>>> print(open('model13.txt').read())   # compact mmCIF, C-alpha atoms and all ligand atoms
# COMPACT_ATOMS: atom_id res chain seq x y z
CA MET A 1 0.00 0.00 0.00
CA GLU A 2 1.39 3.33 -1.05
CA ASN A 3 1.64 6.14 1.41
CA ARG A 4 -1.60 8.11 1.02
CA ILE A 5 -0.85 10.60 3.79
CA ILE A 6 -1.54 14.26 2.99
CA LYS A 7 1.76 16.11 2.92
CA GLU A 8 0.86 19.51 1.55
CA ILE A 9 -2.08 21.50 0.13
CA LYS A 10 -1.53 24.36 -2.30
CA THR A 11 -4.22 26.90 -3.03
CA GLY A 12 -5.00 29.25 -5.87
CA TYR A 13 -7.32 32.22 -6.29
CA TYR A 14 -8.28 33.61 -9.70
CA LEU A 15 -10.51 36.56 -10.55
CA ILE A 16 -11.60 36.20 -14.17
CA PRO A 17 -13.51 38.80 -16.18
CA LEU A 18 -16.55 37.63 -18.16
CA ASP A 19 -16.64 38.47 -21.86
CA GLU A 20 -19.55 40.80 -21.12
CA PRO A 21 -21.40 41.71 -17.92
CA LEU A 22 -24.22 39.23 -17.25
CA VAL A 23 -27.46 40.21 -15.52
CA ASP A 24 -30.02 38.24 -13.52
CA ALA A 25 -32.68 39.22 -11.03
CA GLU A 26 -30.79 38.23 -7.89
CA HIS A 27 -27.15 39.09 -8.52
CA GLY A 28 -27.61 42.18 -10.67
CA SER A 29 -24.79 42.73 -13.14
CA GLN A 30 -21.89 40.30 -12.85
CA ALA A 31 -18.59 41.26 -14.47
CA ASN A 32 -16.26 38.60 -13.03
CA PHE A 33 -16.22 35.13 -11.58
CA GLU A 34 -13.79 33.61 -9.10
CA ILE A 35 -12.13 30.20 -9.09
CA ILE A 36 -10.54 28.95 -5.87
CA THR A 37 -8.37 25.84 -6.26
CA ALA A 38 -6.90 23.35 -3.79
CA THR A 39 -4.20 20.91 -4.85
CA ILE A 40 -3.52 18.10 -2.39
CA ILE A 41 -0.08 16.47 -2.52
CA LEU A 42 0.43 13.12 -0.82
CA GLU A 43 3.61 11.69 0.68
CA ASP A 44 3.81 9.21 -2.22
CA GLY A 45 3.93 12.17 -4.63
CA SER A 46 0.43 11.84 -6.10
CA GLU A 47 -1.61 14.99 -6.61
CA GLY A 48 -5.29 15.82 -6.86
CA THR A 49 -6.90 19.18 -7.59
CA GLY A 50 -10.30 20.42 -6.53
CA TYR A 51 -11.98 23.78 -6.86
CA THR A 52 -15.01 25.92 -6.25
CA TYR A 53 -16.26 29.08 -7.93
CA THR A 54 -18.33 32.17 -7.18
CA GLY A 55 -20.18 34.88 -9.09
CA GLY A 56 -17.46 37.40 -8.26
CA TYR A 57 -17.77 37.87 -4.50
CA GLY A 58 -16.78 35.86 -1.42
CA GLY A 59 -13.83 34.06 -2.94
CA GLN A 60 -11.24 35.60 -0.62
CA ALA A 61 -13.26 34.45 2.41
CA ILE A 62 -13.47 30.92 0.99
CA LEU A 63 -9.72 30.93 0.35
CA GLY A 64 -9.08 32.20 3.88
CA MET A 65 -11.19 29.43 5.40
CA ILE A 66 -9.41 26.76 3.35
CA GLU A 67 -5.97 28.05 4.29
CA GLN A 68 -6.48 28.93 7.92
CA ASP A 69 -9.10 26.46 9.11
CA LEU A 70 -9.20 23.41 6.83
CA ILE A 71 -5.61 22.74 5.74
CA PRO A 72 -4.24 22.47 9.32
CA ALA A 73 -6.84 19.77 10.01
CA LEU A 74 -5.85 17.77 6.93
CA ILE A 75 -2.05 17.62 6.94
CA GLY A 76 -0.91 14.16 8.08
CA LYS A 77 -4.31 12.55 7.46
CA ASP A 78 -5.05 9.54 5.24
CA ALA A 79 -6.46 10.89 1.96
CA THR A 80 -8.40 7.69 1.24
CA ALA A 81 -10.88 8.51 4.06
CA VAL A 82 -12.72 10.96 1.79
CA GLU A 83 -16.16 11.03 3.40
CA ASN A 84 -14.71 11.10 6.91
CA LEU A 85 -12.34 13.94 6.11
CA ASN A 86 -15.25 15.83 4.55
CA GLU A 87 -17.21 15.34 7.77
CA ASP A 88 -14.31 16.34 10.02
CA ILE A 89 -13.60 19.62 8.24
CA THR A 90 -17.31 20.41 7.83
CA VAL A 91 -17.91 20.04 11.57
CA ARG A 92 -14.82 22.13 12.31
CA VAL A 93 -16.25 25.22 10.58
CA ASN A 94 -20.01 24.59 10.92
CA TYR A 95 -20.46 27.05 13.76
CA VAL A 96 -19.45 30.02 11.64
CA GLY A 97 -20.07 28.73 8.15
CA ARG A 98 -22.90 26.20 8.25
CA GLY A 99 -24.57 25.96 4.88
CA GLY A 100 -22.61 28.98 3.63
CA ILE A 101 -18.96 29.74 2.95
CA SER A 102 -17.90 26.45 4.55
CA SER A 103 -19.84 24.48 1.92
CA PHE A 104 -17.72 26.11 -0.81
CA ALA A 105 -14.43 25.71 1.11
CA VAL A 106 -15.09 22.05 1.90
CA ALA A 107 -16.09 21.50 -1.75
CA ALA A 108 -12.65 22.48 -3.07
CA ILE A 109 -10.94 20.03 -0.69
CA ASP A 110 -13.47 17.25 -1.24
CA ILE A 111 -13.18 17.45 -5.04
CA ALA A 112 -9.38 17.22 -4.74
CA LEU A 113 -9.77 14.10 -2.57
CA TRP A 114 -12.06 12.57 -5.22
CA ASP A 115 -9.50 13.39 -7.90
CA LEU A 116 -6.91 11.45 -5.87
CA ARG A 117 -9.36 8.59 -5.26
CA CYS A 118 -10.17 8.19 -8.99
CA LYS A 119 -6.52 8.50 -9.98
CA ALA A 120 -5.59 5.77 -7.48
CA ALA A 121 -8.27 3.56 -9.05
CA LYS A 122 -7.03 4.59 -12.54
CA LEU A 123 -10.58 5.41 -13.60
CA PRO A 124 -12.44 8.49 -14.85
CA LEU A 125 -14.94 9.79 -12.29
CA TRP A 126 -18.06 8.73 -14.18
CA LYS A 127 -16.80 5.16 -14.49
CA PHE A 128 -15.58 5.03 -10.90
CA LEU A 129 -19.12 5.93 -9.81
CA GLY A 130 -20.68 3.22 -11.97
CA GLY A 131 -21.85 5.15 -15.02
CA LYS A 132 -22.84 3.13 -18.06
CA SER A 133 -22.90 5.88 -20.70
CA ASN A 134 -20.82 9.03 -20.98
CA GLU A 135 -23.70 11.00 -22.54
CA VAL A 136 -25.56 13.72 -20.64
CA GLU A 137 -28.57 15.68 -21.80
CA CYS A 138 -27.98 19.37 -21.33
CA TYR A 139 -29.38 22.83 -21.90
CA TYR A 140 -27.99 26.29 -22.41
CA GLY A 141 -28.55 28.43 -19.30
CA GLY A 142 -28.45 32.06 -20.36
CA ILE A 143 -27.77 34.94 -17.97
CA ASP A 144 -29.62 37.30 -20.24
CA LEU A 145 -31.98 39.52 -18.24
CA GLY A 146 -29.99 42.55 -19.40
CA TYR A 147 -30.35 41.64 -23.08
CA SER A 148 -32.84 43.41 -25.30
CA GLN A 149 -35.37 41.01 -26.79
CA GLU A 150 -33.52 41.21 -30.09
CA LYS A 151 -30.20 40.29 -28.47
CA LEU A 152 -31.91 37.54 -26.46
CA LEU A 153 -33.20 35.92 -29.65
CA ASP A 154 -29.89 36.41 -31.48
CA ASN A 155 -28.09 34.68 -28.63
CA ILE A 156 -30.48 31.71 -28.68
CA LYS A 157 -29.91 31.41 -32.44
CA LYS A 158 -26.17 31.45 -31.83
CA GLN A 159 -26.50 28.69 -29.22
CA MET A 160 -28.66 26.59 -31.56
CA ALA A 161 -25.89 26.83 -34.16
CA LYS A 162 -23.44 25.61 -31.49
CA GLY A 163 -25.45 22.40 -30.94
CA HIS A 164 -27.95 23.31 -28.23
CA ASN A 165 -31.57 22.25 -28.45
CA ALA A 166 -32.79 23.20 -24.95
CA PHE A 167 -32.68 26.65 -23.38
CA LYS A 168 -33.25 28.56 -20.15
CA ILE A 169 -33.77 32.30 -20.00
CA LYS A 170 -33.91 34.75 -17.11
CA LEU A 171 -37.01 36.41 -15.70
CA GLY A 172 -37.35 39.46 -13.48
CA LYS A 173 -38.27 42.40 -15.67
CA LYS A 174 -40.14 45.24 -14.00
CA GLU A 175 -43.40 44.23 -15.64
CA LEU A 176 -44.42 40.58 -15.61
CA GLN A 177 -45.89 40.98 -19.09
CA GLU A 178 -42.43 41.70 -20.47
CA ASP A 179 -41.13 38.43 -19.02
CA ILE A 180 -44.06 36.59 -20.59
CA ASP A 181 -43.52 38.34 -23.95
CA ARG A 182 -39.79 37.52 -23.99
CA THR A 183 -40.53 33.88 -23.15
CA ALA A 184 -43.19 33.70 -25.88
CA ALA A 185 -40.74 35.19 -28.40
CA VAL A 186 -38.13 32.54 -27.57
CA ARG A 187 -40.75 29.80 -27.79
CA LYS A 188 -41.78 31.08 -31.21
CA LEU A 189 -38.14 31.13 -32.34
CA ILE A 190 -37.29 27.57 -31.23
CA GLY A 191 -40.62 26.00 -32.19
CA PRO A 192 -43.12 24.06 -30.09
CA SER A 193 -41.10 21.02 -29.07
CA MET A 194 -37.62 22.09 -27.88
CA LYS A 195 -37.19 22.30 -24.12
CA LEU A 196 -37.54 25.77 -22.66
CA MET A 197 -37.09 26.72 -19.00
CA VAL A 198 -37.33 30.05 -17.17
CA ASP A 199 -35.49 31.32 -14.08
CA ALA A 200 -36.65 34.18 -11.80
CA ASN A 201 -33.60 34.03 -9.45
CA ALA A 202 -35.74 34.43 -6.34
CA SER A 203 -37.13 37.79 -7.41
CA TRP A 204 -40.88 37.02 -7.21
CA ASP A 205 -43.50 36.23 -4.60
CA VAL A 206 -45.86 33.27 -4.65
CA GLN A 207 -48.72 35.25 -6.21
CA THR A 208 -46.61 36.40 -9.14
CA ALA A 209 -45.31 32.90 -9.73
CA VAL A 210 -48.82 31.43 -9.71
CA ARG A 211 -50.10 34.07 -12.14
CA ALA A 212 -47.10 33.62 -14.47
CA SER A 213 -47.32 29.83 -14.37
CA ALA A 214 -50.67 29.84 -16.18
CA GLU A 215 -49.02 31.68 -19.09
CA PHE A 216 -45.94 29.47 -18.95
CA LYS A 217 -48.12 26.39 -19.21
CA LYS A 218 -49.44 27.67 -22.53
CA LEU A 219 -45.85 28.13 -23.68
CA ASN A 220 -44.93 24.54 -22.80
CA ILE A 221 -42.33 25.56 -20.20
CA LEU A 222 -40.51 22.57 -18.69
CA TRP A 223 -39.82 24.30 -15.39
CA LEU A 224 -40.00 27.60 -13.54
CA GLU A 225 -36.78 28.01 -11.55
CA GLU A 226 -36.37 29.71 -8.16
CA PRO A 227 -39.42 31.96 -8.36
CA ILE A 228 -39.02 32.77 -4.64
CA GLU A 229 -36.30 32.75 -1.94
CA ALA A 230 -34.67 29.32 -1.96
CA ARG A 231 -35.06 28.57 1.75
CA ASP A 232 -38.74 29.51 1.95
CA TYR A 233 -39.81 25.88 2.01
CA GLU A 234 -43.40 26.72 2.98
CA GLY A 235 -43.54 29.04 0.00
CA TYR A 236 -42.34 26.23 -2.27
CA ALA A 237 -45.03 23.92 -0.86
CA GLU A 238 -47.60 26.55 -1.81
CA LEU A 239 -46.09 26.82 -5.30
CA ASN A 240 -46.39 23.05 -5.59
CA ARG A 241 -50.11 23.26 -4.78
CA ARG A 242 -50.91 26.23 -7.00
CA CYS A 243 -48.47 26.52 -9.94
CA GLU A 244 -49.33 25.05 -13.31
CA VAL A 245 -45.74 24.22 -14.30
CA PRO A 246 -43.07 22.19 -12.45
CA ILE A 247 -40.66 23.99 -10.13
CA ALA A 248 -36.84 23.72 -10.11
CA MET A 249 -34.26 25.00 -7.63
CA GLY A 250 -31.14 24.09 -5.68
CA GLU A 251 -28.25 26.43 -6.52
CA ASN A 252 -28.85 28.35 -3.27
CA LEU A 253 -29.07 25.25 -1.07
CA HIS A 254 -25.75 24.45 0.52
CA SER A 255 -26.37 21.40 2.68
CA LEU A 256 -28.03 18.00 2.56
CA LEU A 257 -30.63 19.12 5.11
CA GLN A 258 -31.60 22.14 3.02
CA HIS A 259 -32.05 19.88 -0.01
CA ARG A 260 -34.13 17.49 2.09
CA TYR A 261 -36.42 20.32 3.13
CA ALA A 262 -36.75 21.47 -0.49
CA MET A 263 -37.84 17.99 -1.61
CA GLN A 264 -39.81 16.88 1.44
CA LEU A 265 -41.46 20.13 2.55
CA GLY A 266 -41.17 22.28 -0.59
CA ARG A 267 -42.06 19.39 -2.92
CA ILE A 268 -39.94 20.73 -5.77
CA ASP A 269 -39.88 18.85 -9.09
CA PHE A 270 -36.31 19.35 -10.35
CA PRO A 271 -33.53 19.49 -7.71
CA GLU A 272 -30.42 21.30 -9.00
CA PRO A 273 -27.48 20.55 -6.69
CA ASP A 274 -24.12 22.21 -7.44
CA ALA A 275 -21.06 20.33 -6.15
CA SER A 276 -19.12 23.59 -5.82
CA ASN A 277 -21.38 24.93 -3.07
CA LEU A 278 -22.49 21.73 -1.38
CA GLY A 279 -19.37 20.18 0.12
CA GLY A 280 -18.11 18.82 -3.19
CA ILE A 281 -18.73 15.48 -4.89
CA THR A 282 -19.54 13.83 -1.55
CA GLY A 283 -22.28 16.39 -0.89
CA TRP A 284 -23.60 16.22 -4.46
CA LEU A 285 -23.86 12.42 -4.41
CA ARG A 286 -25.78 12.54 -1.13
CA VAL A 287 -28.32 14.94 -2.66
CA ALA A 288 -28.52 12.78 -5.78
CA ASN A 289 -29.30 9.73 -3.62
CA LEU A 290 -31.88 11.74 -1.71
CA ALA A 291 -33.53 12.72 -5.01
CA LYS A 292 -33.68 9.03 -5.94
CA ALA A 293 -35.66 8.38 -2.78
CA PHE A 294 -38.11 11.10 -3.83
CA ASN A 295 -38.23 9.70 -7.38
CA LEU A 296 -36.91 12.97 -8.82
CA PRO A 297 -34.47 13.46 -11.72
CA VAL A 298 -31.25 15.23 -10.76
CA CYS A 299 -30.32 18.39 -12.64
CA THR A 300 -27.32 20.64 -12.02
CA HIS A 301 -26.30 24.26 -11.74
CA GLY A 302 -22.93 25.58 -12.95
CA MET A 303 -19.52 23.84 -13.28
CA GLN A 304 -20.56 21.68 -16.23
CA GLU A 305 -16.96 20.51 -16.71
CA LEU A 306 -17.34 18.47 -13.49
CA HIS A 307 -21.10 17.84 -13.38
CA VAL A 308 -20.97 16.12 -16.77
CA SER A 309 -19.15 13.22 -15.06
CA LEU A 310 -21.56 13.14 -12.11
CA LEU A 311 -24.73 13.11 -14.22
CA ALA A 312 -23.20 10.49 -16.53
CA ALA A 313 -22.70 8.31 -13.47
CA ILE A 314 -26.26 8.10 -12.17
CA PRO A 315 -29.35 6.34 -13.54
CA HIS A 316 -31.74 9.19 -12.67
CA ALA A 317 -29.95 12.06 -14.41
CA GLY A 318 -32.09 14.97 -15.51
CA PHE A 319 -30.60 17.87 -17.45
CA MET A 320 -27.23 19.56 -17.07
CA GLU A 321 -27.02 23.31 -17.22
CA ILE A 322 -24.36 24.73 -19.54
CA HIS A 323 -23.73 27.76 -17.39
CA CYS A 324 -22.37 31.09 -18.64
CA PHE A 325 -19.25 31.05 -16.44
CA PRO A 326 -16.74 29.43 -18.81
CA ILE A 327 -14.59 27.60 -16.25
CA ASP A 328 -13.83 24.96 -18.89
CA ARG A 329 -12.02 27.58 -20.98
CA TYR A 330 -9.27 27.48 -18.32
CA THR A 331 -8.99 23.68 -18.36
CA LYS A 332 -7.55 21.24 -20.88
CA ARG A 333 -10.98 20.19 -22.15
CA LEU A 334 -13.94 22.24 -23.36
CA VAL A 335 -17.44 20.93 -22.69
CA GLU A 336 -18.87 20.59 -26.17
CA VAL A 337 -22.53 20.03 -26.99
CA LYS A 338 -23.85 18.18 -30.01
CA ASN A 339 -27.61 17.82 -30.52
CA GLY A 340 -28.10 18.79 -26.89
CA ILE A 341 -25.72 16.10 -25.59
CA ALA A 342 -22.42 16.61 -23.73
CA THR A 343 -20.01 13.77 -23.02
CA ALA A 344 -18.08 12.98 -19.86
CA PRO A 345 -14.28 12.82 -20.21
CA ASP A 346 -12.30 9.58 -20.12
CA THR A 347 -9.43 11.32 -18.35
CA ILE A 348 -8.39 9.45 -15.21
CA GLY A 349 -9.44 11.45 -12.15
CA ILE A 350 -12.29 13.96 -11.95
CA GLY A 351 -11.71 14.95 -15.59
CA VAL A 352 -11.12 18.63 -14.84
CA GLU A 353 -7.46 19.49 -15.42
CA PHE A 354 -6.72 23.19 -15.11
CA ASP A 355 -4.48 24.83 -17.66
CA TRP A 356 -2.39 26.75 -15.13
CA GLU A 357 -0.77 28.89 -17.82
CA LYS A 358 -4.17 30.11 -18.98
CA LEU A 359 -5.19 30.85 -15.40
CA ALA A 360 -1.94 32.61 -14.47
CA PRO A 361 -2.87 36.08 -15.79
CA TYR A 362 -5.91 36.07 -13.46
CA ASN A 363 -4.00 35.09 -10.33
CA ALA A 364 -5.28 37.52 -7.69
CA LYS A 365 -3.84 35.90 -4.59
CA LYS A 366 -2.56 38.50 -2.19
MG MG A 401 -30.84 29.57 -11.49
>>> encode(input="model13.txt", output="structure tokens", more="lines below")
Ligand SMILES: [Mg+2]
Amino acid sequence: MENRIIKEIKTGYYLIPLDEPLVDAEHGSQANFEIITATIILEDGSEGTGYTYTGGYGGQAILGMIEQDLIPALIGKDATAVENLNEDITVRVNYVGRGGISSFAVAAIDIALWDLRCKAAKLPLWKFLGGKSNEVECYYGGIDLGYSQEKLLDNIKKQMAKGHNAFKIKLGKKELQEDIDRTAAVRKLIGPSMKLMVDANASWDVQTAVRASAEFKKLNILWLEEPIEARDYEGYAELNRRCEVPIAMGENLHSLLQHRYAMQLGRIDFPEPDASNLGGITGWLRVANLAKAFNLPVCTHGMQELHVSLLAAIPHAGFMEIHCFPIDRYTKRLVEVKNGIATAPDTIGIGVEFDWEKLAPYNAKK
């Protein structure tokens, strides 16, 4: 048995400008995103890299927690004890970070541990987890609330030419009618049968969502995402009783318990866990198993370069979001979509290998 003891953990922090500012109803205008990396080096010389990301804020706090609070608890530990190490470091910072920053910090470490685990097994992540096909159904998730209707439609056309056949657009205009009109225009553009979803980024109340859902039903909308605050589980239960289209959410849930409440109390239809903000692959798999118990398909939010391997691994995969933060552009493999399908990489490990030279210009570590 090789020596799997953790010898050292190196971190990275990158602030990367988006090609253009992106607007949604919750975050306003976003000009940058952050990537925080953790590379774990074992005594036997093997290395694994994990990461998390943000919409431009909070990354320094995540980095600080990793460096000051998590790394000291990991040096000298056996890296094969992935779930136990995840638990130990989660408990360590729960008091100040429960279901918040700690879920991002733990994610970066956990994903690095999974990279080491898959490399030791000499398998790509999706095969390690028991996947039988590398194909994942996906959709283009636009952050397009700031686009004029003309630009919105042009962008959808551009994405269709790139191989997409399912789309999600943002809601949250001042007048509900404008949201409905924009959605109807996209539906007209793509025809009656392609999948179309809408996302209000927690900017509505229950009444607005119920009213809008009647219109969305006519437009054959697959789901209405996050119409209200993510942790208002009673509100979601009411949406379940009164809305005429299915409800999706999950990007703002950062623990297993929160996801349980969303499914059990809120009775959502499409859970959307994101490994980057949920304690990593360990946290994501727990939510995926929970969804199985509720007979729900698992969808994802963000980090498609990693989620493609997780969705490929499970029998109850829903749809993967191709998010507008192009993390994959800074790795050795782009996530490409053909006829709405992305494929999981056969690279041994988690399948996300950063191109450090491409990231270097965005190094913002103090
Ligand atoms: Mg969303």
>>> atom_distance(input="model13.txt", atom1="atom CA of A:Lys292", atom2="atom CA of A:Ile314")
9.7 Å
>>> closest_atom_pairs(input="model13.txt", of="chain A", to="ligand MG 401 (chain A)", cutoff="9 Å", atoms="only C-alpha atoms and all ligand atoms", output="JSON lines")
{"residue": "A:Asp24", "atom": "CA", "partner": "A:MG401", "partner_atom": "MG", "distance": 8.9}
{"residue": "A:Gly141", "atom": "CA", "partner": "A:MG401", "partner_atom": "MG", "distance": 8.2}
{"residue": "A:Ile143", "atom": "CA", "partner": "A:MG401", "partner_atom": "MG", "distance": 9.0}
{"residue": "A:Lys170", "atom": "CA", "partner": "A:MG401", "partner_atom": "MG", "distance": 8.2}
{"residue": "A:Val198", "atom": "CA", "partner": "A:MG401", "partner_atom": "MG", "distance": 8.6}
{"residue": "A:Asp199", "atom": "CA", "partner": "A:MG401", "partner_atom": "MG", "distance": 5.6}
{"residue": "A:Ala200", "atom": "CA", "partner": "A:MG401", "partner_atom": "MG", "distance": 7.4}
{"residue": "A:Asn201", "atom": "CA", "partner": "A:MG401", "partner_atom": "MG", "distance": 5.6}
{"residue": "A:Ala202", "atom": "CA", "partner": "A:MG401", "partner_atom": "MG", "distance": 8.6}
{"residue": "A:Glu225", "atom": "CA", "partner": "A:MG401", "partner_atom": "MG", "distance": 6.1}
{"residue": "A:Glu226", "atom": "CA", "partner": "A:MG401", "partner_atom": "MG", "distance": 6.5}
{"residue": "A:Ala248", "atom": "CA", "partner": "A:MG401", "partner_atom": "MG", "distance": 8.5}
{"residue": "A:Met249", "atom": "CA", "partner": "A:MG401", "partner_atom": "MG", "distance": 6.9}
{"residue": "A:Gly250", "atom": "CA", "partner": "A:MG401", "partner_atom": "MG", "distance": 8.0}
{"residue": "A:Glu251", "atom": "CA", "partner": "A:MG401", "partner_atom": "MG", "distance": 6.4}
{"residue": "A:Asn252", "atom": "CA", "partner": "A:MG401", "partner_atom": "MG", "distance": 8.5}
{"residue": "A:Glu272", "atom": "CA", "partner": "A:MG401", "partner_atom": "MG", "distance": 8.6}
{"residue": "A:His301", "atom": "CA", "partner": "A:MG401", "partner_atom": "MG", "distance": 7.0}
{"residue": "A:Gly302", "atom": "CA", "partner": "A:MG401", "partner_atom": "MG", "distance": 9.0}
>>> residues_around(input="model13.txt", residues="stretch 285-287 of chain A", least_positions_apart="4", cutoff="9 Å", atoms="only C-alpha atoms", output="ChimeraX atom specification")
/A:255-256,259-260,271,273,275,280-281,291-292,298,310
>>> closest_residue(input="model13.txt", among="A:Gly146, A:Gly45, A:Pro124, A:Gly59", to="A:Pro21", atoms="all atoms listed in the file")
A:Gly146
>>> closest_residue(input="model13.txt", among="A:Pro72, A:Gly131, A:Gly97, A:Gly279", to="A:Asp346", atoms="only C-alpha atoms")
A:Gly131
>>> closest_residue(input="model13.txt", among="A:Lys168, A:Trp126, A:Asn84, A:Met263", to="A:His307", atoms="all atoms listed in the file")
A:Trp126
>>> atom_distance(input="model13.txt", atom1="atom CA of A:Ile268", atom2="atom CA of A:Leu296")
8.9 Å
>>> closest_residue(input="model13.txt", among="A:Thr90, A:Gln177, A:Asn220, A:Thr343", to="A:Met197", atoms="all atoms listed in the file")
A:Asn220
>>> axis_aligned_box(input="model13.txt", around="stretch 86-101 of chain A", padding_each_side="6 Å", output="lines of an AutoDock Vina configuration file")
center_x = -19.1
center_y = 22.7
center_z = 8.4
size_x = 23.0
size_y = 26.7
size_z = 22.8
